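structure.cif follows; it contains mmCIF, C-alpha atoms.
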data_coords
loop_
_atom_site.label_atom_id
_atom_site.label_comp_id
_atom_site.auth_asym_id
_atom_site.auth_seq_id
_atom_site.Cartn_x
_atom_site.Cartn_y
_atom_site.Cartn_z
CA MET A 554 -6.15 5.44 -20.26
CA SER A 555 -5.67 9.05 -21.26
CA ASP A 556 -3.34 11.44 -19.49
CA ASP A 557 -3.62 15.15 -20.08
CA SER A 558 -0.75 16.22 -17.84
CA THR A 559 2.35 18.00 -19.05
CA VAL A 560 5.39 16.33 -17.58
CA GLU A 561 8.91 17.65 -17.25
CA THR A 562 11.92 15.37 -16.76
CA ARG A 563 14.46 16.35 -14.12
CA ALA A 564 17.82 15.00 -13.06
CA HIS A 565 17.57 12.35 -10.35
CA ALA A 566 13.84 13.02 -10.53
CA PRO A 567 12.73 12.51 -6.94
CA ARG A 568 9.24 13.66 -7.73
CA PRO A 569 7.40 14.11 -11.02
CA PRO A 570 4.76 16.74 -11.63
CA HIS A 571 2.40 13.80 -11.94
CA GLY A 572 -0.97 15.30 -12.65
CA ASP A 573 -2.05 11.96 -14.11
CA SER A 574 -5.73 11.29 -13.71
CA ALA A 575 -5.03 8.27 -11.55
CA GLY A 576 -8.23 7.88 -9.56
CA ALA A 577 -8.60 6.07 -6.28
CA LEU A 578 -7.96 2.38 -5.96
CA GLN A 579 -10.08 1.34 -3.05
CA ASP A 580 -11.77 4.37 -1.66
CA ARG A 581 -12.67 7.69 -3.21
CA PRO A 582 -10.95 9.30 -6.20
CA PRO A 583 -9.41 12.77 -5.90
CA ASP A 584 -11.98 15.40 -6.81
CA SER A 585 -9.43 17.03 -9.06
CA VAL A 586 -5.77 16.82 -9.84
CA PRO A 587 -3.84 20.08 -9.36
CA PRO A 588 -1.73 21.57 -12.14
CA PRO A 589 1.86 20.33 -12.17
CA PRO A 590 4.22 22.15 -9.80
CA PRO A 591 7.42 23.76 -11.10
CA PRO A 592 10.38 21.41 -11.50
CA ARG A 593 12.61 20.81 -8.56
CA GLY A 594 15.83 18.93 -7.99
CA THR A 595 16.71 15.90 -5.99
CA ARG A 596 16.52 16.04 -2.23
CA ARG A 597 19.25 13.49 -1.63
CA GLY A 598 22.25 15.60 -2.53
CA ALA A 599 24.31 15.92 0.65
CA GLY A 600 26.68 18.85 1.08
CA PRO A 601 29.33 19.16 3.81
CA VAL A 602 26.92 20.72 6.31
CA THR A 603 24.35 18.01 5.68
CA LEU A 604 26.93 15.31 6.23
CA LEU A 605 27.82 16.80 9.60
CA VAL A 606 24.27 17.09 10.88
CA LEU A 607 22.73 14.10 9.11
CA PRO A 608 23.09 11.63 12.02
CA GLY A 609 21.21 14.01 14.28
CA LEU A 610 18.51 14.60 11.69
CA LEU A 611 18.04 10.88 11.17
CA THR A 612 17.67 10.36 14.90
CA LEU A 613 15.07 13.13 15.12
CA ALA A 614 13.22 11.73 12.11
CA ALA A 615 13.12 8.27 13.64
CA VAL A 616 11.78 9.65 16.94
CA ALA A 617 9.18 11.73 15.07
CA GLY A 618 8.14 8.69 13.09
CA VAL A 619 7.72 6.60 16.24
CA LEU A 620 5.64 9.28 17.95
CA ALA A 621 3.44 9.82 14.90
CA LEU A 622 2.89 6.17 14.15
CA THR A 623 2.34 4.91 17.67
CA GLY A 624 0.17 7.89 18.56
CA GLY A 625 -2.39 7.38 15.84
CA LEU A 626 -3.30 3.78 15.09
CA PRO A 627 -7.01 3.57 15.84
CA VAL A 628 -7.69 1.16 12.99
CA ASP A 629 -4.75 -1.19 12.92
CA GLY A 630 -3.43 -1.01 16.46
CA SER A 631 0.00 0.01 17.70
CA PRO A 632 3.10 -2.07 17.16
CA ASP A 633 4.86 -3.39 20.22
CA SER A 634 8.36 -2.45 19.12
CA GLY A 635 9.96 0.28 21.17
CA PRO A 636 11.81 3.35 19.90
CA GLY A 637 15.14 1.55 20.05
CA GLN A 638 14.10 -1.37 17.83
CA SER A 639 14.88 -1.02 14.15
CA ALA A 640 14.01 -3.21 11.21
CA ALA A 641 15.02 -2.80 7.57
CA GLY A 642 17.53 -0.16 6.53
CA GLY A 643 17.91 1.03 10.12
CA VAL A 644 14.36 2.45 10.02
CA ASN A 645 12.18 1.82 13.05
CA GLU A 646 9.80 -1.14 12.66
CA THR A 647 6.86 1.14 13.57
CA TYR A 648 6.85 2.13 9.90
CA GLY A 649 6.29 -1.52 8.95
CA PRO A 650 2.50 -1.78 9.43
CA TRP A 651 1.90 1.37 7.39
CA LEU A 652 4.26 0.33 4.60
CA ARG A 653 2.54 -3.06 4.42
CA LYS A 654 -0.92 -1.55 4.52
CA ALA A 655 -0.07 1.00 1.82
CA ALA A 656 1.43 -1.67 -0.44
CA GLY A 657 -1.62 -3.87 0.07
CA ALA A 658 -3.69 -1.54 -2.10
CA CYS A 659 -2.35 -3.11 -5.31
CA THR A 660 -0.40 -6.07 -6.64
CA VAL A 661 2.66 -4.25 -8.02
CA VAL A 662 3.91 -2.10 -5.14
CA THR A 663 5.74 -3.71 -2.19
CA PRO A 664 6.56 -2.30 1.27
CA ALA A 665 10.28 -2.40 0.40
CA LEU A 666 9.66 -0.43 -2.78
CA LEU A 667 7.82 2.31 -0.88
CA ALA A 668 10.60 2.41 1.72
CA ALA A 669 13.31 2.69 -0.95
CA GLN A 670 11.42 5.53 -2.62
CA ILE A 671 11.15 7.42 0.65
CA ASP A 672 14.85 6.91 1.25
CA GLN A 673 15.63 8.25 -2.22
CA LEU A 674 13.27 11.19 -1.80
CA SER A 675 14.31 12.39 1.64
CA GLY A 676 16.59 9.91 3.39
CA TRP A 677 13.67 9.58 5.86
CA ARG A 678 14.15 13.23 6.88
CA ASP A 679 11.06 15.26 7.67
CA ASP A 680 12.21 18.48 6.03
CA THR A 681 11.07 20.86 3.31
CA GLY A 682 12.64 20.68 -0.14
CA ALA A 683 13.62 23.49 -2.46
CA SER A 684 10.24 23.49 -4.20
CA GLY A 685 8.13 23.15 -1.08
CA GLU A 686 8.06 19.37 -0.72
CA GLN A 687 7.13 18.42 2.80
CA GLY A 688 7.67 15.36 4.99
CA ILE A 689 9.42 12.08 4.35
CA ALA A 690 7.62 11.51 1.01
CA GLY A 691 8.12 15.04 -0.29
CA PHE A 692 4.57 16.05 -1.19
CA THR A 693 3.78 19.58 -2.31
CA ASP A 694 0.59 21.23 -1.12
CA GLY A 695 -1.07 20.63 -4.48
CA GLU A 696 -0.11 16.98 -4.58
CA TRP A 697 -1.27 16.46 -1.03
CA ARG A 698 -4.72 17.71 -1.93
CA SER A 699 -4.92 14.84 -4.42
CA TRP A 700 -3.41 12.01 -2.38
CA GLY A 701 -3.35 12.97 1.29
CA ARG A 702 -5.79 11.77 3.94
CA ASP A 703 -5.92 11.41 7.69
CA ASP A 704 -5.02 7.73 7.55
CA ASP A 705 -3.97 7.36 11.18
CA GLY A 706 -7.15 9.05 12.45
CA ASN A 707 -5.43 11.69 14.57
CA GLY A 708 -7.74 14.42 13.30
CA LYS A 709 -5.34 16.00 10.81
CA SER A 710 -4.22 15.10 7.29
CA SER A 711 -0.60 16.21 6.95
CA PRO A 712 2.34 15.35 4.65
CA ARG A 713 4.53 15.73 7.73
CA ASP A 714 2.68 12.90 9.49
CA PRO A 715 4.72 9.79 8.53
CA ALA A 716 1.71 7.45 8.57
CA ASP A 717 -0.34 9.76 6.35
CA ALA A 718 2.64 10.26 4.03
CA VAL A 719 3.35 6.54 3.60
CA MET A 720 -0.29 5.79 2.82
CA ALA A 721 -0.52 8.68 0.35
CA LEU A 722 2.61 7.49 -1.47
CA GLY A 723 1.12 4.01 -1.67
CA ARG A 724 -2.11 5.36 -3.18
CA GLN A 725 -0.17 7.38 -5.71
CA ASP A 726 2.12 4.51 -6.70
CA CYS A 727 -0.77 2.08 -7.00
CA ALA A 728 -2.66 4.53 -9.22
CA LEU A 729 0.39 4.79 -11.48
CA ALA A 730 0.74 1.00 -11.43
CA GLN A 731 -2.84 0.69 -12.62
CA GLN A 732 -2.17 3.12 -15.47
CA VAL A 733 0.94 1.37 -16.75
CA THR A 734 -0.72 -2.04 -16.34
CA GLU A 735 -3.53 -0.90 -18.62
CA LEU A 736 -1.02 0.53 -21.11
CA ARG A 737 0.89 -2.75 -21.16
CA THR A 738 -2.32 -4.73 -21.56
CA GLU A 739 -3.21 -2.53 -24.54
CA GLY A 740 0.24 -3.13 -26.01
CA ALA A 741 1.17 0.55 -25.77
CA VAL A 742 4.22 -0.12 -23.56
CA ASN A 743 6.55 -2.99 -22.79
CA GLY A 744 8.58 -3.77 -19.70
CA ASP A 745 8.49 -4.83 -16.08
CA LEU A 746 5.51 -3.34 -14.23
CA VAL A 747 7.60 -2.20 -11.27
CA ASP A 748 10.06 -0.44 -13.59
CA LEU A 749 7.24 1.16 -15.55
CA THR A 750 5.54 2.33 -12.34
CA LEU A 751 8.72 3.93 -11.04
CA ALA A 752 9.27 5.55 -14.43
CA ALA A 753 5.73 6.95 -14.40
CA TYR A 754 6.43 8.35 -10.94
CA ALA A 755 9.68 9.93 -12.10
CA VAL A 756 8.70 11.43 -15.44
CA GLY A 757 4.96 10.92 -15.80
CA THR A 758 2.75 8.37 -17.52
CA ASP A 759 2.65 10.38 -20.75
CA ALA A 760 6.43 10.12 -21.13
CA VAL A 761 6.29 6.36 -20.54
CA LYS A 762 3.54 6.00 -23.12
CA ARG A 763 5.41 8.07 -25.71
CA ALA A 764 8.56 6.02 -25.21
CA GLY A 765 6.70 2.72 -25.16
CA ARG A 766 9.04 1.61 -22.39
CA VAL A 767 11.01 3.11 -19.50
CA PRO A 768 12.22 6.48 -20.88
CA GLY A 769 15.87 7.44 -20.61
CA GLY A 770 14.95 10.33 -18.34
CA ALA A 771 13.75 7.89 -15.67
CA LEU A 772 16.76 5.57 -15.64
CA THR A 773 18.68 7.46 -12.96
CA TYR A 774 15.71 7.43 -10.63
CA LEU A 775 15.16 3.72 -11.18
CA ALA A 776 18.80 2.98 -10.50
CA GLU A 777 18.78 4.96 -7.25
CA VAL A 778 15.62 3.29 -5.94
CA LYS A 779 16.80 -0.20 -6.92
CA ARG A 780 20.16 0.41 -5.25
CA LEU A 781 18.32 1.13 -1.98
CA LEU A 782 15.75 -1.67 -2.36
CA PRO A 783 17.79 -4.53 -0.81
CA SER A 784 18.12 -2.58 2.44
CA TYR A 785 14.36 -2.73 2.98
CA GLU A 786 13.50 -6.29 1.93
CA ALA A 787 12.75 -7.19 5.56
CA PHE A 788 9.58 -5.10 5.30
CA ASP A 789 8.29 -7.54 2.65
CA LYS A 790 8.46 -10.46 5.06
CA GLU A 791 5.69 -11.29 7.46
CA PRO A 792 6.65 -10.32 11.05
CA PRO A 793 7.38 -13.04 13.60
CA GLY A 794 4.56 -14.33 15.71
CA ASP A 795 1.79 -13.42 13.28
CA ALA A 796 -0.04 -16.70 13.69
CA GLY A 797 -2.30 -15.01 16.23
CA PRO A 798 -3.10 -15.59 19.88
CA ALA A 799 -2.49 -18.99 21.35
CA GLY A 800 -5.44 -21.23 22.04
CA GLY A 801 -6.60 -22.44 18.63
CA ALA A 802 -8.93 -21.04 16.03
CA VAL A 803 -10.73 -17.77 16.70
CA LEU A 804 -12.37 -17.48 13.27
CA THR A 805 -14.99 -19.62 11.58
CA ALA A 806 -14.71 -20.66 7.92
CA PRO A 807 -16.01 -18.00 5.49
CA LEU A 808 -17.07 -20.77 3.08
CA ALA A 809 -18.85 -24.07 3.67
CA THR A 810 -15.88 -25.89 2.10
CA LEU A 811 -12.30 -24.64 2.27
CA THR A 812 -10.11 -25.75 -0.62
CA VAL A 813 -6.87 -23.77 -0.88
CA THR A 814 -5.89 -22.86 -4.43
CA SER A 815 -3.17 -20.34 -3.52
CA PRO A 816 -1.71 -20.16 0.01
CA TYR A 817 -0.45 -17.20 1.99
CA GLY A 818 3.17 -16.30 1.29
CA SER A 819 5.50 -15.08 -1.42
CA ARG A 820 4.34 -15.90 -4.94
CA GLN A 821 4.40 -14.67 -8.52
CA HIS A 822 1.09 -13.05 -9.37
CA PRO A 823 -0.56 -15.03 -12.19
CA LEU A 824 -1.59 -11.87 -14.10
CA THR A 825 1.04 -9.23 -13.34
CA GLY A 826 4.06 -11.54 -13.09
CA VAL A 827 5.24 -9.59 -10.02
CA THR A 828 6.60 -11.62 -7.11
CA LYS A 829 5.46 -10.30 -3.73
CA LEU A 830 3.69 -11.37 -0.57
CA HIS A 831 0.31 -12.99 -1.28
CA THR A 832 -1.45 -11.35 1.63
CA GLY A 833 -4.20 -13.91 2.09
CA VAL A 834 -5.42 -17.33 1.06
CA ASP A 835 -7.37 -18.07 -2.10
CA PHE A 836 -10.17 -20.57 -1.55
CA ALA A 837 -11.91 -22.28 -4.45
CA ALA A 838 -15.55 -21.19 -4.73
CA PRO A 839 -17.99 -21.41 -7.64
CA GLN A 840 -19.62 -18.19 -8.81
CA GLY A 841 -22.30 -17.07 -6.37
CA THR A 842 -21.18 -19.23 -3.42
CA PRO A 843 -22.27 -17.60 -0.11
CA VAL A 844 -19.42 -15.93 1.78
CA THR A 845 -19.96 -15.41 5.50
CA ALA A 846 -18.44 -13.38 8.34
CA ALA A 847 -15.67 -15.24 10.12
CA ARG A 848 -16.42 -13.50 13.44
CA ASP A 849 -18.76 -10.91 14.95
CA GLY A 850 -17.73 -7.48 13.70
CA ARG A 851 -18.54 -4.21 11.99
CA VAL A 852 -18.30 -3.48 8.27
CA VAL A 853 -15.66 -0.78 7.69
CA PHE A 854 -15.38 -1.15 3.90
CA ALA A 855 -17.74 -2.56 1.27
CA ALA A 856 -17.20 -1.39 -2.30
CA MET A 857 -15.70 -2.14 -5.69
CA THR A 858 -11.89 -1.76 -5.96
CA LYS A 859 -9.50 -1.98 -8.90
CA ALA A 860 -7.39 -4.94 -7.81
CA TYR A 861 -9.66 -6.78 -5.37
CA GLY A 862 -12.99 -6.24 -7.12
CA ASN A 863 -15.94 -6.20 -4.74
CA ARG A 864 -14.27 -6.18 -1.32
CA VAL A 865 -15.57 -6.29 2.25
CA VAL A 866 -13.47 -5.48 5.33
CA LEU A 867 -14.74 -6.39 8.82
CA ASP A 868 -13.35 -4.92 12.03
CA HIS A 869 -13.60 -7.48 14.83
CA GLY A 870 -12.31 -5.25 17.63
CA THR A 871 -9.26 -6.20 19.65
CA ILE A 872 -7.85 -9.55 20.72
CA GLU A 873 -5.13 -9.46 23.37
CA GLY A 874 -5.09 -5.68 22.91
CA LYS A 875 -4.48 -5.78 19.15
CA ARG A 876 -6.88 -4.97 16.34
CA LEU A 877 -8.21 -7.85 14.22
CA GLU A 878 -9.70 -7.42 10.76
CA THR A 879 -10.71 -9.85 8.01
CA THR A 880 -11.21 -9.11 4.31
CA TYR A 881 -13.26 -10.83 1.60
CA SER A 882 -12.38 -10.04 -2.02
CA HIS A 883 -13.35 -10.66 -5.67
CA LEU A 884 -16.99 -11.00 -4.63
CA SER A 885 -19.66 -11.12 -7.31
CA ALA A 886 -22.12 -9.35 -4.99
CA LEU A 887 -22.00 -7.32 -1.77
CA ASP A 888 -24.61 -8.11 0.89
CA VAL A 889 -23.50 -5.65 3.59
CA ARG A 890 -22.95 -1.91 3.90
CA VAL A 891 -20.40 0.21 5.77
CA GLY A 892 -21.31 0.70 9.42
CA GLN A 893 -23.40 -2.46 9.63
CA SER A 894 -22.81 -4.90 12.49
CA VAL A 895 -22.66 -8.56 11.53
CA ARG A 896 -22.69 -11.79 13.50
CA THR A 897 -20.50 -14.82 12.89
CA GLY A 898 -21.82 -16.72 9.89
CA ALA A 899 -23.84 -13.81 8.51
CA LEU A 900 -23.83 -13.40 4.72
CA VAL A 901 -21.41 -10.66 3.59
CA GLY A 902 -21.36 -11.40 -0.15
CA ARG A 903 -21.05 -14.04 -2.83
CA ALA A 904 -17.91 -15.46 -4.40
CA GLY A 905 -16.95 -14.23 -7.83
CA SER A 906 -14.11 -13.06 -10.04
CA THR A 907 -14.32 -9.27 -9.95
CA GLY A 908 -11.15 -7.18 -10.02
CA LEU A 909 -7.76 -8.64 -10.92
CA SER A 910 -8.72 -12.30 -10.90
CA THR A 911 -8.27 -15.40 -13.05
CA GLY A 912 -11.56 -17.05 -12.06
CA PRO A 913 -14.20 -17.34 -9.31
CA HIS A 914 -12.70 -17.73 -5.83
CA LEU A 915 -12.51 -16.03 -2.43
CA HIS A 916 -9.39 -14.12 -1.46
CA PHE A 917 -9.54 -14.11 2.36
CA GLU A 918 -7.18 -12.07 4.54
CA VAL A 919 -6.48 -11.69 8.25
CA VAL A 920 -4.95 -8.41 9.42
CA TYR A 921 -3.74 -8.49 13.04
CA ASP A 922 -2.17 -5.42 14.64
CA GLY A 923 -1.70 -3.92 11.18
CA TYR A 924 0.14 -6.94 9.79
CA TYR A 925 -1.10 -9.45 7.27
CA ALA A 926 -1.16 -12.90 8.86
CA ASP A 927 -1.55 -16.40 7.46
CA PRO A 928 -5.31 -17.01 7.86
CA ARG A 929 -5.05 -20.77 8.24
CA PRO A 930 -3.87 -20.88 11.89
CA TRP A 931 -6.71 -18.51 12.74
CA LEU A 932 -9.19 -20.90 11.16
CA GLY A 933 -7.74 -23.96 12.91
CA ALA A 934 -7.27 -27.38 11.36
CA GLY A 935 -10.16 -26.83 9.01
CA GLY A 936 -8.23 -24.03 7.29
#

Starting from the file, give its structure as structure tokens.
Amino acid sequence: MSDDSTVETRAHAPRPPHGDSAGALQDRPPDSVPPPPPPRGTRRGAGPVTLLVLPGLLTLAAVAGVLALTGGLPVDGSPDSGPGQSAAGGVNETYGPWLRKAAGACTVVTPALLAAQIDQLSGWRDDTGASGEQGIAGFTDGEWRSWGRDDDGNGKSSPRDPADAVMALGRQDCALAQQVTELRTEGAVNGDLVDLTLAAYAVGTDAVKRAGRVPGGALTYLAEVKRLLPSYEAFDKEPPGDAGPAGGAVLTAPLATLTVTSPYGSRQHPLTGVTKLHTGVDFAAPQGTPVTAARDGRVVFAAMTKAYGNRVVLDHGTIEGKRLETTYSHLSALDVRVGQSVRTGALVGRAGSTGLSTGPHLHFEVVYDGYYADPRPWLGAGG
């Protein structure tokens, strides 16, 4: 993959001028990538005044995050945790669904990694940096035009909206992960994909390619993010009670025969070598096997993606007040379109091996209240 951007290395590089032609992973690509912004320094340096007011700022940031995230969840539903409940790193659990959803766009990035990056960038403070970075993920106006969207559906795309910012950072990281994965596949670079992705974020993909590995200019940034990573590992774990509503199966089998080849849970990806949450269940299915809707619903996504190949997402409305979605990935063919209503058992596509896949199968996911859940309890004993 070519990269025409000019990249400057900076100390503690919280943000590269990454004008890399990354492209979109699941949805639409940016129409254009803005020219790189001028260099700017780290946002984590804390002077005496900052140290005195930091506790207050963190409190305000947490409250702002809660209001933003719980006020705009039309797709995934609102978490039940209250403002006083915190999860990893002392950050409110209301960030969890968005971190997990953002990380679900690719196989390299994890929720904890995104959280550690945000901590390194801003300490979770919604402020403006020296070079105009805004919000908890420190996007400039130019960068936001490339990566920002109204992900929480509140009518406004803003880098100061925590949900929008988390999702934009996930898109950006996953695009960089795709670039370095291709470079490593071509033999142009060597190293761990997570390290290479962070390096590309810090100093740009061109610098990584020229070095053939993690460049020296990115080592400080990697060290800072990895130092923070253990504090956020709880975000990588499935939340308690994600088996779904009591009362047995609420979904029907998406295949005539369900043979599990890779279960839900932590695993090492067979192609990338990265260990992270396997967000669904892989069912064995010969090429072309009919794949059907597990419940009445509406098609909210049906297109080719980088990691998941041909992918369909169905919105099944709410169950016990929480949004339920199912996904069907690596399909060889799509038989539905966005906006279409489908009934239980209706054909949505055919099994295949598109995207990042080792062979024909169905990757089936259940997303309940914004969290990935083990699909098998939802399918009952047959799952």

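Nearest to Arg876 in chain A of all the residues A:Asp705, A:Asp680, A:Glu696, A:Asp922 is A:Asp922, counting only C-alpha atoms.
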
* What is the CA of Arg653 in chain A-CA of Tyr924 in chain A distance in Å, reported with one decimal? ->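 Separation of CA of Arg653 in chain A and CA of Tyr924 in chain A: 7.0 Å.
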
* **For CA of Gly923 in chain A and CA of Thr647 in chain A, the interatomic separation in Å (one decimal)** =>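 For CA of Gly923 in chain A relative to CA of Thr647 in chain A, the distance reads 10.2 Å.
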
* Would you kindly translate the PyMOL selection byres ((chain A and resi 908) around 9) into the concrete residues it picks from this file, as an MDAnalysis selection string? => chainID A and resid 857:863 882:884 906:907 909:910

Next, the residues of the selection above should be written as an mmCIF file, keeping the file's coordinate frame with C-alpha atoms.
data_model
loop_
_atom_site.group_PDB
_atom_site.id
_atom_site.type_symbol
_atom_site.label_atom_id
_atom_site.label_comp_id
_atom_site.auth_asym_id
_atom_site.auth_seq_id
_atom_site.Cartn_x
_atom_site.Cartn_y
_atom_site.Cartn_z
ATOM 1 C CA MET A 857 -15.700 -2.140 -5.690
ATOM 2 C CA THR A 858 -11.890 -1.760 -5.960
ATOM 3 C CA LYS A 859 -9.500 -1.980 -8.900
ATOM 4 C CA ALA A 860 -7.390 -4.940 -7.810
ATOM 5 C CA TYR A 861 -9.660 -6.780 -5.370
ATOM 6 C CA GLY A 862 -12.990 -6.240 -7.120
ATOM 7 C CA ASN A 863 -15.940 -6.200 -4.740
ATOM 8 C CA SER A 882 -12.380 -10.040 -2.020
ATOM 9 C CA HIS A 883 -13.350 -10.660 -5.670
ATOM 10 C CA LEU A 884 -16.990 -11.000 -4.630
ATOM 11 C CA SER A 906 -14.110 -13.060 -10.040
ATOM 12 C CA THR A 907 -14.320 -9.270 -9.950
ATOM 13 C CA LEU A 909 -7.760 -8.640 -10.920
ATOM 14 C CA SER A 910 -8.720 -12.300 -10.900
#

* **Selection result for the PyMOL selection byres ((chain A and resi 886) around 9) on this file, as a ChimeraX atom specification** => /A:841,863,883-885,887-888,901-905

* Asked: So which one's closest to Pro928 in chain A, A:Thr842, A:Thr805, A:Ser784, A:Thr693? Using all atoms listed in the file, please.
  ->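 Of the candidates, the smallest distance to Pro928 in chain A is held by A:Thr805.
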